[in-house]
$ cat work35.cif   # mmCIF, C-alpha atoms
data_coords
#
loop_
_atom_site.label_atom_id
_atom_site.label_comp_id
_atom_site.auth_asym_id
_atom_site.auth_seq_id
_atom_site.Cartn_x
_atom_site.Cartn_y
_atom_site.Cartn_z
CA MET E 1 0.00 0.00 0.00
CA ILE E 2 2.84 2.38 0.88
CA SER E 3 4.51 1.57 -2.44
CA ASN E 4 1.32 2.37 -4.37
CA LEU E 5 0.99 5.67 -2.47
CA ARG E 6 4.53 6.63 -3.39
CA GLN E 7 3.82 5.86 -7.04
CA ALA E 8 0.74 8.09 -6.96
CA VAL E 9 2.65 10.97 -5.34
CA ARG E 10 5.41 10.66 -7.93
CA ARG E 11 2.86 10.89 -10.75
CA VAL E 12 1.35 14.04 -9.25
CA HIS E 13 4.61 15.91 -8.64
CA ARG E 14 6.58 14.58 -11.60
CA ARG E 15 7.10 16.96 -14.45
CA THR E 16 5.29 15.88 -17.60
CA VAL E 17 7.65 14.97 -20.42
CA ASP E 18 5.34 13.72 -23.15
CA LEU E 19 3.61 16.66 -24.78
CA SER E 20 2.15 15.33 -27.99
CA HIS E 21 1.35 17.92 -30.59
CA PRO E 22 -2.27 18.44 -31.62
CA ALA E 23 -3.60 17.60 -35.04
CA ARG E 24 -1.53 18.68 -37.99
CA SER E 25 -2.35 21.97 -39.63
CA PRO E 26 -3.89 22.30 -43.09
CA LEU E 27 -0.53 23.59 -44.38
CA GLY E 28 0.41 20.01 -45.28
CA SER E 29 0.27 16.43 -44.10
CA SER E 30 3.54 16.80 -42.17
CA VAL E 31 3.70 20.57 -41.58
CA VAL E 32 2.72 21.48 -38.04
CA ASN E 33 3.07 25.24 -38.48
CA CYS E 34 4.88 27.91 -40.48
CA VAL E 35 5.34 31.21 -38.66
CA VAL E 36 7.25 34.40 -39.43
CA TYR E 37 8.97 36.35 -36.63
CA ARG E 38 10.21 39.93 -36.80
CA ASP E 39 12.32 41.34 -33.99
CA GLY E 40 11.11 38.54 -31.73
CA VAL E 41 7.41 39.16 -32.40
CA ARG E 42 5.21 36.58 -34.09
CA GLN E 43 3.47 37.81 -37.22
CA HIS E 44 -0.20 36.96 -37.44
CA GLY E 45 -1.42 34.22 -39.74
CA ASP E 46 0.18 31.19 -41.38
CA CYS E 47 1.35 31.28 -44.95
CA PRO E 48 3.13 29.01 -47.46
CA ALA E 49 6.85 28.51 -47.00
CA GLU E 50 7.77 30.59 -50.08
CA GLU E 51 5.81 33.59 -48.86
CA ALA E 52 7.05 33.16 -45.30
CA LEU E 53 10.68 33.16 -46.43
CA ARG E 54 10.11 36.22 -48.60
CA GLN E 55 8.61 38.11 -45.63
CA ALA E 56 11.44 37.04 -43.34
CA ARG E 57 14.09 38.37 -45.71
CA LYS E 58 12.49 41.82 -45.76
CA SER E 59 14.12 42.78 -42.46
CA ASP E 60 17.38 41.87 -40.73
CA GLY E 61 15.60 40.69 -37.59
CA GLY E 62 13.14 38.43 -39.40
CA PHE E 63 13.10 34.66 -39.79
CA VAL E 64 10.61 31.90 -40.46
CA TRP E 65 10.16 28.86 -38.22
CA ILE E 66 8.68 25.81 -39.95
CA GLY E 67 7.80 22.77 -37.85
CA LEU E 68 7.27 19.33 -39.37
CA HIS E 69 6.45 15.89 -38.00
CA GLU E 70 7.86 12.79 -39.75
CA PRO E 71 7.78 14.14 -43.31
CA THR E 72 8.22 11.83 -46.28
CA GLN E 73 10.95 12.35 -48.85
CA GLU E 74 8.44 13.81 -51.32
CA GLU E 75 7.00 16.19 -48.72
CA PHE E 76 10.43 17.46 -47.67
CA ALA E 77 11.91 17.75 -51.15
CA GLY E 78 10.21 21.08 -51.86
CA LEU E 79 11.45 22.68 -48.63
CA ALA E 80 14.95 21.32 -49.20
CA GLU E 81 15.07 22.98 -52.61
CA LEU E 82 13.52 26.24 -51.38
CA PHE E 83 15.99 26.68 -48.51
CA ASP E 84 18.95 25.15 -50.42
CA LEU E 85 19.60 22.45 -47.83
CA HIS E 86 22.55 20.09 -48.26
CA PRO E 87 21.59 16.70 -49.79
CA LEU E 88 23.44 14.72 -47.11
CA ALA E 89 21.55 16.49 -44.33
CA VAL E 90 18.26 16.03 -46.20
CA GLU E 91 18.92 12.30 -46.49
CA ASP E 92 19.59 12.04 -42.74
CA THR E 93 16.40 13.97 -42.03
CA VAL E 94 14.13 11.63 -43.96
CA GLN E 95 15.77 8.39 -42.79
CA ALA E 96 15.97 9.43 -39.10
CA HIS E 97 17.66 7.20 -36.49
CA GLN E 98 20.74 9.40 -36.54
CA ARG E 99 23.38 9.90 -33.88
CA PRO E 100 23.16 13.24 -31.99
CA LYS E 101 25.39 15.74 -33.81
CA VAL E 102 25.84 19.28 -35.09
CA GLU E 103 27.18 19.80 -38.61
CA GLN E 104 27.81 22.96 -40.60
CA TYR E 105 27.03 23.24 -44.32
CA ASP E 106 28.10 26.68 -45.58
CA ASP E 107 25.89 29.13 -43.65
CA THR E 108 23.47 26.45 -42.41
CA LEU E 109 23.72 24.42 -39.21
CA PHE E 110 22.19 20.94 -39.07
CA ALA E 111 21.61 19.57 -35.56
CA VAL E 112 20.25 16.21 -34.43
CA PHE E 113 18.96 15.78 -30.87
CA LYS E 114 17.62 12.61 -29.31
CA THR E 115 14.46 13.20 -27.31
CA VAL E 116 13.58 10.98 -24.35
CA ARG E 117 10.43 10.27 -22.37
CA TYR E 118 9.96 8.38 -19.12
CA VAL E 119 7.38 5.62 -19.53
CA GLU E 120 5.16 5.31 -16.49
CA HIS E 121 4.70 1.79 -15.08
CA ALA E 122 2.97 0.45 -11.99
CA GLU E 123 5.75 -2.07 -11.36
CA LEU E 124 9.16 -2.53 -12.93
CA THR E 125 9.44 -5.94 -14.59
CA ALA E 126 11.99 -7.69 -16.76
CA THR E 127 10.17 -6.41 -19.88
CA SER E 128 9.14 -2.91 -18.75
CA GLU E 129 9.83 -0.02 -21.12
CA VAL E 130 11.36 2.76 -19.05
CA VAL E 131 12.85 5.19 -21.59
CA ASP E 132 11.22 5.99 -24.93
CA THR E 133 13.31 7.89 -27.48
CA GLY E 134 12.61 10.05 -30.49
CA GLU E 135 14.49 12.61 -32.60
CA ILE E 136 14.44 16.31 -33.39
CA MET E 137 16.38 17.56 -36.40
CA ILE E 138 16.98 21.27 -36.85
CA PHE E 139 18.11 23.27 -39.88
CA THR E 140 19.22 26.75 -38.82
CA GLY E 141 20.02 29.43 -41.36
CA PRO E 142 20.28 33.25 -41.44
CA HIS E 143 16.53 33.67 -42.00
CA PHE E 144 14.97 30.31 -41.17
CA VAL E 145 14.61 27.49 -38.69
CA ILE E 146 13.22 24.14 -39.80
CA THR E 147 12.46 21.56 -37.13
CA ILE E 148 11.62 17.95 -37.97
CA ARG E 149 10.30 15.74 -35.20
CA HIS E 150 10.32 11.94 -35.24
CA GLY E 151 8.57 9.90 -32.59
CA ARG E 152 5.47 9.99 -30.42
CA HIS E 153 6.71 12.69 -28.06
CA GLY E 154 9.02 15.70 -27.92
CA SER E 155 6.55 18.33 -29.09
CA LEU E 156 8.10 21.78 -29.52
CA GLY E 157 4.85 23.59 -28.77
CA PRO E 158 5.94 24.51 -25.21
CA VAL E 159 9.31 25.74 -26.53
CA ARG E 160 7.63 27.99 -29.08
CA GLU E 161 5.26 29.39 -26.44
CA ALA E 162 8.12 30.07 -24.01
CA LEU E 163 10.14 31.87 -26.69
CA GLU E 164 7.17 33.97 -27.78
CA ALA E 165 6.72 34.99 -24.15
CA THR E 166 10.27 36.45 -24.18
CA PRO E 167 10.51 38.40 -27.46
CA GLU E 168 13.77 40.06 -26.41
CA HIS E 169 15.44 36.64 -26.46
CA LEU E 170 13.64 35.48 -29.60
CA ALA E 171 14.84 38.68 -31.32
CA LYS E 172 18.36 37.22 -31.30
CA GLY E 173 17.31 35.13 -34.26
CA PRO E 174 17.42 31.46 -35.27
CA ALA E 175 20.31 30.80 -32.87
CA ALA E 176 17.98 31.56 -29.97
CA VAL E 177 15.55 28.91 -31.24
CA LEU E 178 18.37 26.37 -31.54
CA HIS E 179 19.42 27.10 -27.96
CA ALA E 180 15.85 26.86 -26.64
CA ILE E 181 15.35 23.45 -28.27
CA ALA E 182 18.68 22.17 -26.97
CA ASP E 183 17.83 23.41 -23.48
CA HIS E 184 14.39 21.80 -23.66
CA VAL E 185 15.86 18.44 -24.75
CA VAL E 186 18.51 18.47 -22.02
CA ASP E 187 15.91 19.41 -19.39
CA ASP E 188 13.94 16.32 -20.43
CA TYR E 189 17.11 14.27 -19.90
CA LEU E 190 17.25 15.58 -16.33
CA THR E 191 13.59 14.71 -15.74
CA VAL E 192 14.00 11.19 -17.08
CA ALA E 193 17.21 10.67 -15.09
CA ASP E 194 15.46 11.70 -11.87
CA ASN E 195 12.63 9.27 -12.55
CA VAL E 196 15.02 6.45 -13.41
CA GLN E 197 16.71 7.08 -10.07
CA HIS E 198 13.41 6.25 -8.35
CA ASP E 199 13.34 2.90 -10.18
CA ILE E 200 16.93 2.21 -9.17
CA ASP E 201 16.12 2.99 -5.54
CA THR E 202 13.14 0.62 -5.71
CA VAL E 203 15.24 -2.19 -7.15
CA GLU E 204 18.00 -1.56 -4.63
CA SER E 205 15.54 -1.77 -1.74
CA ALA E 206 14.06 -4.99 -3.15
CA VAL E 207 17.48 -6.60 -3.54
CA PHE E 208 18.48 -5.96 0.06
CA THR E 209 15.28 -7.28 1.61
CA GLU E 210 15.36 -10.55 3.50
CA ASP E 211 13.40 -12.46 0.84
CA THR E 212 15.61 -12.98 -2.21
CA ASN E 213 13.61 -12.64 -5.41
CA TYR E 214 15.25 -14.46 -8.29
CA ARG E 215 13.39 -12.20 -10.78
CA ASP E 216 15.35 -9.16 -9.57
CA ALA E 217 18.23 -10.00 -11.91
CA GLY E 218 15.94 -9.59 -14.92
CA ARG E 219 14.63 -6.27 -13.61
CA ILE E 220 18.14 -4.96 -13.02
CA TYR E 221 19.31 -6.01 -16.47
CA GLN E 222 16.24 -4.43 -18.10
CA LEU E 223 16.90 -1.21 -16.20
CA LYS E 224 20.50 -1.22 -17.44
CA ARG E 225 19.29 -1.61 -21.02
CA GLU E 226 16.83 1.26 -20.68
CA LEU E 227 19.52 3.38 -19.04
CA LEU E 228 21.67 2.70 -22.09
CA GLU E 229 19.01 4.42 -24.23
CA LEU E 230 19.40 7.56 -22.13
CA LYS E 231 23.18 7.31 -22.35
CA ARG E 232 23.06 6.99 -26.14
CA ALA E 233 20.95 10.14 -26.30
CA ALA E 234 22.99 12.30 -23.93
CA ALA E 235 26.63 11.25 -24.24
CA PRO E 236 27.18 11.99 -27.99
CA LEU E 237 25.71 15.47 -27.54
CA ASP E 238 28.50 16.64 -25.25
CA ARG E 239 31.03 17.55 -27.95
CA PRO E 240 28.55 19.32 -30.30
CA LEU E 241 27.22 21.52 -27.48
CA LYS E 242 30.73 22.45 -26.38
CA ARG E 243 31.52 23.32 -29.98
CA LEU E 244 28.52 25.65 -30.13
CA ALA E 245 29.57 27.19 -26.82
CA THR E 246 33.27 27.72 -27.51
CA GLN E 247 34.06 27.76 -31.23
CA PRO E 248 33.33 30.82 -33.41
CA ILE E 249 30.37 30.06 -35.67
CA PRO E 250 28.93 32.89 -37.79
CA LEU E 251 25.35 31.92 -37.06
CA ILE E 252 25.95 31.71 -33.28
CA GLY E 253 26.71 35.08 -31.74
CA SER E 254 28.77 35.56 -28.61
CA ASP E 255 25.64 36.44 -26.63
CA ILE E 256 24.08 33.07 -27.50
CA SER E 257 27.30 31.11 -26.87
CA ALA E 258 26.98 31.81 -23.15
CA TYR E 259 23.57 30.13 -23.15
CA PHE E 260 25.00 27.07 -24.87
CA ARG E 261 27.68 26.84 -22.16
CA ASP E 262 24.92 26.60 -19.59
CA VAL E 263 23.23 23.80 -21.54
CA ALA E 264 26.57 22.00 -21.90
CA ASP E 265 27.06 22.18 -18.11
CA HIS E 266 23.64 20.62 -17.55
CA LEU E 267 24.41 17.88 -20.06
CA GLU E 268 27.72 17.13 -18.33
CA ARG E 269 25.84 16.69 -15.08
CA ILE E 270 23.48 14.24 -16.77
CA THR E 271 26.27 12.16 -18.31
CA GLU E 272 27.96 11.92 -14.92
CA GLN E 273 24.65 10.94 -13.34
CA VAL E 274 24.02 8.24 -15.95
CA THR E 275 27.54 6.88 -15.49
CA SER E 276 27.03 6.69 -11.73
CA PHE E 277 23.66 4.98 -12.28
CA ASP E 278 25.31 2.37 -14.47
CA ALA E 279 28.03 1.72 -11.89
CA LEU E 280 25.41 1.51 -9.12
CA LEU E 281 23.35 -1.00 -11.10
CA ASP E 282 26.49 -3.09 -11.62
CA SER E 283 27.04 -3.10 -7.86
CA ILE E 284 23.38 -3.96 -7.20
CA LEU E 285 23.54 -6.80 -9.72
CA GLN E 286 26.72 -8.19 -8.12
CA ALA E 287 25.15 -7.92 -4.67
CA HIS E 288 22.03 -9.70 -5.92
CA LEU E 289 24.06 -12.52 -7.48
CA ALA E 290 26.03 -12.85 -4.25
CA GLN E 291 22.78 -13.08 -2.28
CA VAL E 292 21.47 -15.72 -4.67
CA THR E 293 24.67 -17.71 -4.23
CA VAL E 294 24.43 -17.46 -0.44
CA ALA E 295 20.76 -18.51 -0.54
CA GLN E 296 21.63 -21.48 -2.74
CA ASN E 297 24.44 -22.47 -0.37
CA GLU E 298 22.04 -22.30 2.56
CA ASP E 299 19.58 -24.51 0.72
CA MET E 300 22.34 -27.00 -0.06
CA ARG E 301 23.38 -27.07 3.60
CA LYS E 302 19.82 -27.80 4.69
CA ILE E 303 19.48 -30.54 2.10
CA THR E 304 22.81 -32.03 3.18
CA ALA E 305 21.85 -31.87 6.86
CA TRP E 306 18.54 -33.65 6.30
CA ALA E 307 20.27 -36.21 4.10
CA ALA E 308 22.72 -36.91 6.93
CA ILE E 309 19.87 -37.33 9.43
CA ILE E 310 17.99 -39.69 7.12
CA ALA E 311 21.20 -41.64 6.47
CA VAL E 312 21.20 -43.03 10.06
CA PRO E 313 17.86 -44.90 9.94
CA THR E 314 18.56 -45.82 6.32
CA MET E 315 21.83 -47.47 7.36
CA VAL E 316 20.26 -49.35 10.30
CA CYS E 317 17.31 -50.49 8.20
CA GLY E 318 19.68 -51.56 5.48
CA ILE E 319 21.72 -53.66 7.89
CA TYR E 320 18.70 -55.36 9.44
CA GLY E 321 17.21 -55.89 6.05
CA MET E 322 20.00 -58.30 5.09
CA ASN E 323 19.00 -61.98 4.88
CA PHE E 324 21.21 -63.55 7.57
CA ASP E 325 19.99 -66.04 10.18
CA HIS E 326 22.40 -65.02 12.91
CA MET E 327 22.25 -61.26 13.63
CA PRO E 328 22.45 -59.38 17.01
CA GLU E 329 19.08 -59.08 18.74
CA LEU E 330 17.28 -60.56 15.75
CA ARG E 331 15.22 -62.98 17.85
CA TRP E 332 14.97 -60.77 20.95
CA THR E 333 11.50 -59.61 21.96
CA TYR E 334 12.59 -56.03 22.57
CA GLY E 335 14.97 -55.84 19.64
CA TYR E 336 12.59 -53.89 17.36
CA PRO E 337 11.74 -51.09 19.85
CA MET E 338 15.40 -50.89 20.86
CA VAL E 339 16.52 -50.32 17.28
CA LEU E 340 13.80 -47.70 16.78
CA GLY E 341 14.88 -45.93 19.94
CA ILE E 342 18.53 -45.94 18.88
CA MET E 343 17.59 -44.48 15.47
CA ALA E 344 15.42 -41.78 17.07
CA VAL E 345 18.12 -40.77 19.56
CA ALA E 346 20.80 -40.71 16.85
CA CYS E 347 18.62 -38.59 14.56
CA PHE E 348 17.80 -36.22 17.43
CA LEU E 349 21.48 -35.75 18.34
CA ILE E 350 22.49 -35.12 14.72
CA HIS E 351 19.60 -32.67 14.23
CA ARG E 352 20.58 -30.84 17.41
CA GLY E 353 24.18 -30.55 16.23
CA PHE E 354 23.15 -29.13 12.86
CA ARG E 355 20.84 -26.63 14.57
CA ARG E 356 23.66 -25.40 16.78
CA ASN E 357 25.92 -24.90 13.77
CA GLY E 358 23.23 -23.01 11.87
CA TRP E 359 22.67 -25.59 9.17
CA LEU E 360 19.01 -26.04 10.05
#
$ encode --input "work35.cif" --output "structure tokens"
Amino acid sequence: MISNLRQAVRRVHRRTVDLSHPARSPLGSSVVNCVVYRDGVRQHGDCPAEEALRQARKSDGGFVWIGLHEPTQEEFAGLAELFDLHPLAVEDTVQAHQRPKVEQYDDTLFAVFKTVRYVEHAELTATSEVVDTGEIMIFTGPHFVITIRHGRHGSLGPVREALEATPEHLAKGPAAVLHAIADHVVDDYLTVADNVQHDIDTVESAVFTEDTNYRDAGRIYQLKRELLELKRAAAPLDRPLKRLATQPIPLIGSDISAYFRDVADHLERITEQVTSFDALLDSILQAHLAQVTVAQNEDMRKITAWAAIIAVPTMVCGIYGMNFDHMPELRWTYGYPMVLGIMAVACFLIHRGFRRNGWL
């Protein structure tokens, strides 16, 4: 009951990670929205990409932000041609399942971020899904930002709303959008890592209880596999973020570089946390296997002790079961109860000795 109460409290106070985007807009089957910003202020109304780009180029502080969800190659081909995107980056965008990275093609930056979501579960089992992953791909140019989302989660709606609430930051251009998305993704890493820690604490408590559960090994191994998903998402992103924070990139101004340093610091904390989780799970697994070995040894000692006790009457019965005419006390009236008494006393003494030594 206490465990169920803790689960309920965690669901109430836990930050929501999965923010699925509403229905797609009529701009296209994969286009979520297409918005023009000038000096950090959103311009009213949606328009086709060609018109949006033309309006963005009218002023130095203007850019267009196009959001897509799992576009096909045919759907993305027109945008790739309009914004002169590099063919290699376009191929990675359509195929998805890319490693987190940041690449520069002329005056365009292409970034790939792995998104993560903590999967709620009533009880951790050997087949529980703990971490669900997706992808966000971002093309950032002088007058445009194109975001492509793959997966069932990782909506950028909250990011867009937060940026529009701070127009002075959004006025810094496409680099501000790139930073906001990176910060949002890394914050989700922190949320998932905190929730995974709760699962690790639960498994650790279960392992060190008096009753050894042989299924705990499967739960620990499954948790290590799910933790690997988080590690694959966070660890490769360390070098790209440090590059954005330290190296001179024309699209990234010095004022935005400081923000990327903050995101890189948060990511470093996450990678250290994941590494410590992995080491802790290794220790928990070793402790569990040691407990299983000890429990098996105790079972073998009990079996051996009972076998030794049973061996006494078995030996006596075996001797008196031999077909000889002349055996001690064979014809004596009290021979049978005497033998039974001797067997009972011998078994009692052996049992008492094993009890004293902790074998029974």
$ closest_residue --input "work35.cif" --among "E:Ala234, E:Leu156, E:Met315, E:Ala344" --to "Val186 (chain E)" --atoms "all atoms listed in the file"
E:Ala234
$ residues_around --input "work35.cif" --residues "Leu280 (chain E)" --least-positions-apart "6" --cutoff "10 Å" --atoms "only C-alpha atoms" --output "list in words"
Ile200, Glu204, Val274 and Gln286 of chain E
$ closest_residue --input "work35.cif" --among "E:Thr271, E:Leu223, E:Ala305, E:Leu330" --to "Val130 (chain E)" --atoms "only C-alpha atoms"
E:Leu223
$ residues_around --input "work35.cif" --residues "region 254-265 of chain E" --least-positions-apart "2" --cutoff "10 Å" --atoms "all atoms listed in the file" --output "VMD selection string"
chain E and resid 169 172 to 173 175 to 176 178 to 180 182 to 187 237 to 252 267 to 270
$ atom_distance --input "work35.cif" --atom1 "CA of Arg355 (chain E)" --atom2 "CA of Asn297 (chain E)"
15.9 Å
$ atom_distance --input "work35.cif" --atom1 "CA of Phe110 (chain E)" --atom2 "CA of His44 (chain E)"
27.6 Å
$ closest_residue --input "work35.cif" --among "E:Val192, E:Gly141, E:Lys224, E:Asp132" --to "Asp84 (chain E)" --atoms "all atoms listed in the file"
E:Gly141
$ atom_distance --input "work35.cif" --atom1 "CA of Lys58 (chain E)" --atom2 "CA of Gln43 (chain E)"
13.1 Å
$ resolve_selection --input "work35.cif" --expression "the PyMOL selection byres ((chain E and resi 196) around 10)" --output "list of chain:residue names"
E:Tyr118, E:Val119, E:Val130, E:Val131, E:Leu190, E:Thr191, E:Val192, E:Ala193, E:Asp194, E:Asn195, E:Gln197, E:His198, E:Asp199, E:Ile200, E:Asp201, E:Thr202, E:Leu223, E:Glu226, E:Leu227, E:Leu230, E:Val274, E:Phe277
$ resolve_selection --input "work35.cif" --expression "the PyMOL selection byres ((chain E and resi 91-95) around 7)" --output "MDAnalysis selection string"
chainID E and resid 71:73 87:90 96:98 137
$ resolve_selection --input "work35.cif" --expression "the PyMOL selection byres ((chain E and resi 221) around 12)" --output "list in words"
Leu124, Thr125, Ala126, Thr127, Ser128, Ile200, Val203, Arg215, Asp216, Ala217, Gly218, Arg219, Ile220, Gln222, Leu223, Lys224, Arg225, Glu226, Leu227, Leu228, Asp278, Leu281, Asp282, Ser283, Ile284, Leu285, Gln286 and His288 of chain E
